[in-house]
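Enquirer: I have a structure here, written as structure tokens, and I will follow up with some questions on it.
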Amino acid sequence: MSAFVQRIRTAAWLGWQIESNWADAIVFGVYTLIRPIGTALILGGMFWAVGATARRPALFAALYVANAVHEYVTRAVVGMGWVIVEEREQYETLKLVYASPIGMRTYLWGRASIKFALASFTVVIVLVLGWFLFRVRWEWSAVQWLPLAASFALVLVATLFLGFLVAGFALVLPRIAMSMNEGIAIALYMLCGVIFPIDLMPHGLRELSLALPFTYGYEAIRRFLLGHGASAVLGRMSDLELLGMLAVTTLAMSAIAHYGYTALENRARREGRLDQTTMF
């Protein structure tokens, strides 16, 4: 266990160096702060621009909170796929990671921890701006802390395992993996009720949305933090049913991602893709 922790710490340290070494500390700090501020302002501007009839504070608060939490998916899922692309294409060190004692899975764990830390900073900034600038507020005494913490933890677990699956696909794909990384984050943004309720989706897409843990996770976080959700379909579920569906879909995604990553990694080994670059 001590060796595992040391390897995670080493991978996290390397991840931080890679994330922050493109600029000096002041420039990097300004960028890290400006990015979530821009995200919050763009979201507020988009919602305000649709007209007075759509300015519903409760709906805006629900969508705003989900947008903030979706930063974990954007950072971690896309980021873990980018780790593979960077190590293989840009630095040409992916085969060295595999040959090192740390192992690829542990390396991805460590790199993901830094992305989760940066995403947490963004989420806090976005929520603080929402509280003071857009009046996205909640009653602290009414917050259901225990189910909120459970929902949040399950969303992070689903995000991590999905990141491993994306990294597995990046191992076997050429440079198109870059487009896949971004496309998955955008698809989840549309499918999981982040920007609009899933009730508005046509049949087929709505059923796909209900198979994803993030759909239940975002709705649970809204309900336990704000006191209401955004979907009439999910609103018919009790708190226990909502948490149960979140747990079941998270478990299913984790199992699929675990076996999927293993199969994709083995295929990448067989096809010699661990050190295969496209000179891009």
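Naming works like this for the structure tokens: A, B, ... for the chains as they're shown, residue 1 at the start of each chain, ligands 1 onward in shown order.
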Using only C-alpha atoms, which residues sit within 9 Å of Thr215 of chain A once same-chain residues fewer than 3 positions away are excluded, as a list in words?
Expert: Leu188, Leu191, Cys192, Gly193, Val194, Ile198, Ser209, Leu210, Ala211, Leu212, Tyr218, Glu219, Ala220 and Leu246 of chain A
Enquirer: Using only C-alpha atoms, tabulate the residues of segment 103-193 of chain A lying at most 6 Å from any atom of segment 7-26 of chain A, each with its closest atom pair and that distance in Å to one decimal, by chain and increasing residue number, as JSON lines.
Expert:
{"residue": "A:Tyr107", "atom": "CA", "partner": "A:Ala11", "partner_atom": "CA", "distance": 5.4}
{"residue": "A:Gly110", "atom": "CA", "partner": "A:Ala12", "partner_atom": "CA", "distance": 4.3}
{"residue": "A:Arg111", "atom": "CA", "partner": "A:Gly15", "partner_atom": "CA", "distance": 5.0}
{"residue": "A:Ile114", "atom": "CA", "partner": "A:Ala12", "partner_atom": "CA", "distance": 5.9}
Enquirer: Let's have the selection written as an mmCIF file, in the first residue's frame, with N, CA and C atoms.
Expert:
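Output file again_15.cif is given in full below:
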data_model
loop_
_atom_site.group_PDB
_atom_site.id
_atom_site.type_symbol
_atom_site.label_atom_id
_atom_site.label_comp_id
_atom_site.auth_asym_id
_atom_site.auth_seq_id
_atom_site.Cartn_x
_atom_site.Cartn_y
_atom_site.Cartn_z
ATOM 1 N N TYR A 107 -0.507 5.246 -12.976
ATOM 2 C CA TYR A 107 -0.127 6.523 -13.573
ATOM 3 C C TYR A 107 -1.366 7.348 -13.918
ATOM 4 N N GLY A 110 -2.917 8.818 -10.757
ATOM 5 C CA GLY A 110 -2.206 9.998 -10.277
ATOM 6 C C GLY A 110 -2.453 11.216 -11.137
ATOM 7 N N ARG A 111 -2.413 11.041 -12.461
ATOM 8 C CA ARG A 111 -2.666 12.174 -13.352
ATOM 9 C C ARG A 111 -4.094 12.687 -13.188
ATOM 10 N N ILE A 114 -4.823 15.254 -10.166
ATOM 11 C CA ILE A 114 -4.571 16.680 -10.396
ATOM 12 C C ILE A 114 -5.707 17.306 -11.186
#
Enquirer: May I have a table of the residues of segment 257-276 of chain A lying at most 12 Å from segment 79-87 of chain A, giving each one's closest pair of atoms and their distance in Å to one decimal, counting only C-alpha atoms, ordered by chain and ascending residue number, as JSON lines?
Expert:
{"residue": "A:Tyr261", "atom": "CA", "partner": "A:Gly81", "partner_atom": "CA", "distance": 11.7}
{"residue": "A:Glu265", "atom": "CA", "partner": "A:Ile84", "partner_atom": "CA", "distance": 11.4}
{"residue": "A:Ala268", "atom": "CA", "partner": "A:Ile84", "partner_atom": "CA", "distance": 11.8}
{"residue": "A:Arg273", "atom": "CA", "partner": "A:Ile84", "partner_atom": "CA", "distance": 11.1}
{"residue": "A:Leu274", "atom": "CA", "partner": "A:Ile84", "partner_atom": "CA", "distance": 9.3}
{"residue": "A:Asp275", "atom": "CA", "partner": "A:Glu87", "partner_atom": "CA", "distance": 9.3}
{"residue": "A:Gln276", "atom": "CA", "partner": "A:Val85", "partner_atom": "CA", "distance": 10.8}
Enquirer: For Met190 of chain A, which residue among A:Ala257, A:Leu63, A:Met46, A:Val128 is the nearest when counting only C-alpha atoms?
Expert: A:Leu63
Enquirer: Using atom CA of Leu226 of chain A and atom CA of Pro147 of chain A as the two end points, give the distance in Å to one decimal.
Expert: 12.7 Å
Enquirer: Which polymer residues have any atom within 10 Å of an atom of Leu133 of chain A, counting only C-alpha atoms, with same-chain residues fewer than 5 positions away left out, as a list in words?
Expert: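 Non-adjacent residues within range: Ala40, Leu41, Gly44, Leu127 and Val128 of chain A.
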Enquirer: Report as CSV: every residue of segment 19-127 of chain A with an atom at most 12 Å from segment 138-143 of chain A, its closest pair of atoms, and their distance in Å to one decimal, counting only C-alpha atoms, with rows sorted by chain and ascending residue number.
Expert:
residue,atom,partner,partner_atom,distance
A:Pro57,CA,A:Trp138,CA,11.6
A:Ala58,CA,A:Trp138,CA,10.3
A:Ala61,CA,A:Trp138,CA,9.2
A:Ala62,CA,A:Trp138,CA,10.8
A:Val65,CA,A:Trp138,CA,10.9
A:Leu127,CA,A:Trp138,CA,11.1
Enquirer: Wanna dump the segment 132-185 of chain A-segment 251-256 of chain A contacts at 9 Å for me, each residue with its shortest atom pair and the distance in Å to one decimal, counting only C-alpha atoms, ordered by chain and number, as JSON lines?
Expert:
{"residue": "A:Val157", "atom": "CA", "partner": "A:Ser254", "partner_atom": "CA", "distance": 7.8}
{"residue": "A:Ala158", "atom": "CA", "partner": "A:Ser254", "partner_atom": "CA", "distance": 6.4}
{"residue": "A:Leu160", "atom": "CA", "partner": "A:Ser254", "partner_atom": "CA", "distance": 8.6}
{"residue": "A:Phe161", "atom": "CA", "partner": "A:Ser254", "partner_atom": "CA", "distance": 5.4}
{"residue": "A:Leu162", "atom": "CA", "partner": "A:Met253", "partner_atom": "CA", "distance": 7.2}
{"residue": "A:Leu165", "atom": "CA", "partner": "A:Ile256", "partner_atom": "CA", "distance": 8.2}
Enquirer: Fewer than 6 positions away in the same chain doesn't count, so skip those; otherwise give me all residues within 10 Å of Leu59 of chain A, counting only C-alpha atoms, as a list in words.
Expert: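 Neighbouring residues, sequence-local ones excluded: Phe196, Pro197, His228, Gly229, Ala230 and Ser231 of chain A.
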Enquirer: Please produce an output containing C-alpha atoms for each residue in the selection, written as a CSV table (one decimal), in the first residue's frame.
Expert:
chain,number,residue,atom,x,y,z
A,196,PHE,CA,-31.8,21.6,-20.5
A,197,PRO,CA,-34.2,19.1,-18.9
A,228,HIS,CA,-35.7,20.8,-6.4
A,229,GLY,CA,-34.6,19.2,-9.7
A,230,ALA,CA,-35.0,20.2,-13.3
A,231,SER,CA,-36.8,17.1,-14.8
Enquirer: Among the residues of segment 64-194 of chain A, find those DSSP assigns to alpha helix (DSSP H) from the backbone and print them as a ChimeraX atom specification.
Expert: /A:64-69,71-72,78-85,94-99,104-133,145-172,177-191
Enquirer: Please compute the atom CA of Leu118 of chain A-atom CA of Pro174 of chain A distance, one decimal, in Å.
Expert: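 Straight-line distance from atom CA of Leu118 of chain A to atom CA of Pro174 of chain A works out to 27.6 Å.
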Enquirer: Nearest to Tyr189 of chain A among A:Phe134, A:Trp109, A:Phe121, A:Tyr72, with distances taken over only C-alpha atoms: which residue is it?
Expert: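 Smallest distance to Tyr189 of chain A is found for A:Tyr72.
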Enquirer: Choose the residue, out of A:Phe28, A:Phe4, A:Phe60, A:Tyr98, that has the smallest atom-to-atom separation from Ile195 of chain A; count only C-alpha atoms.
Expert: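 So, comparing all the options, the nearest one is A:Phe60.
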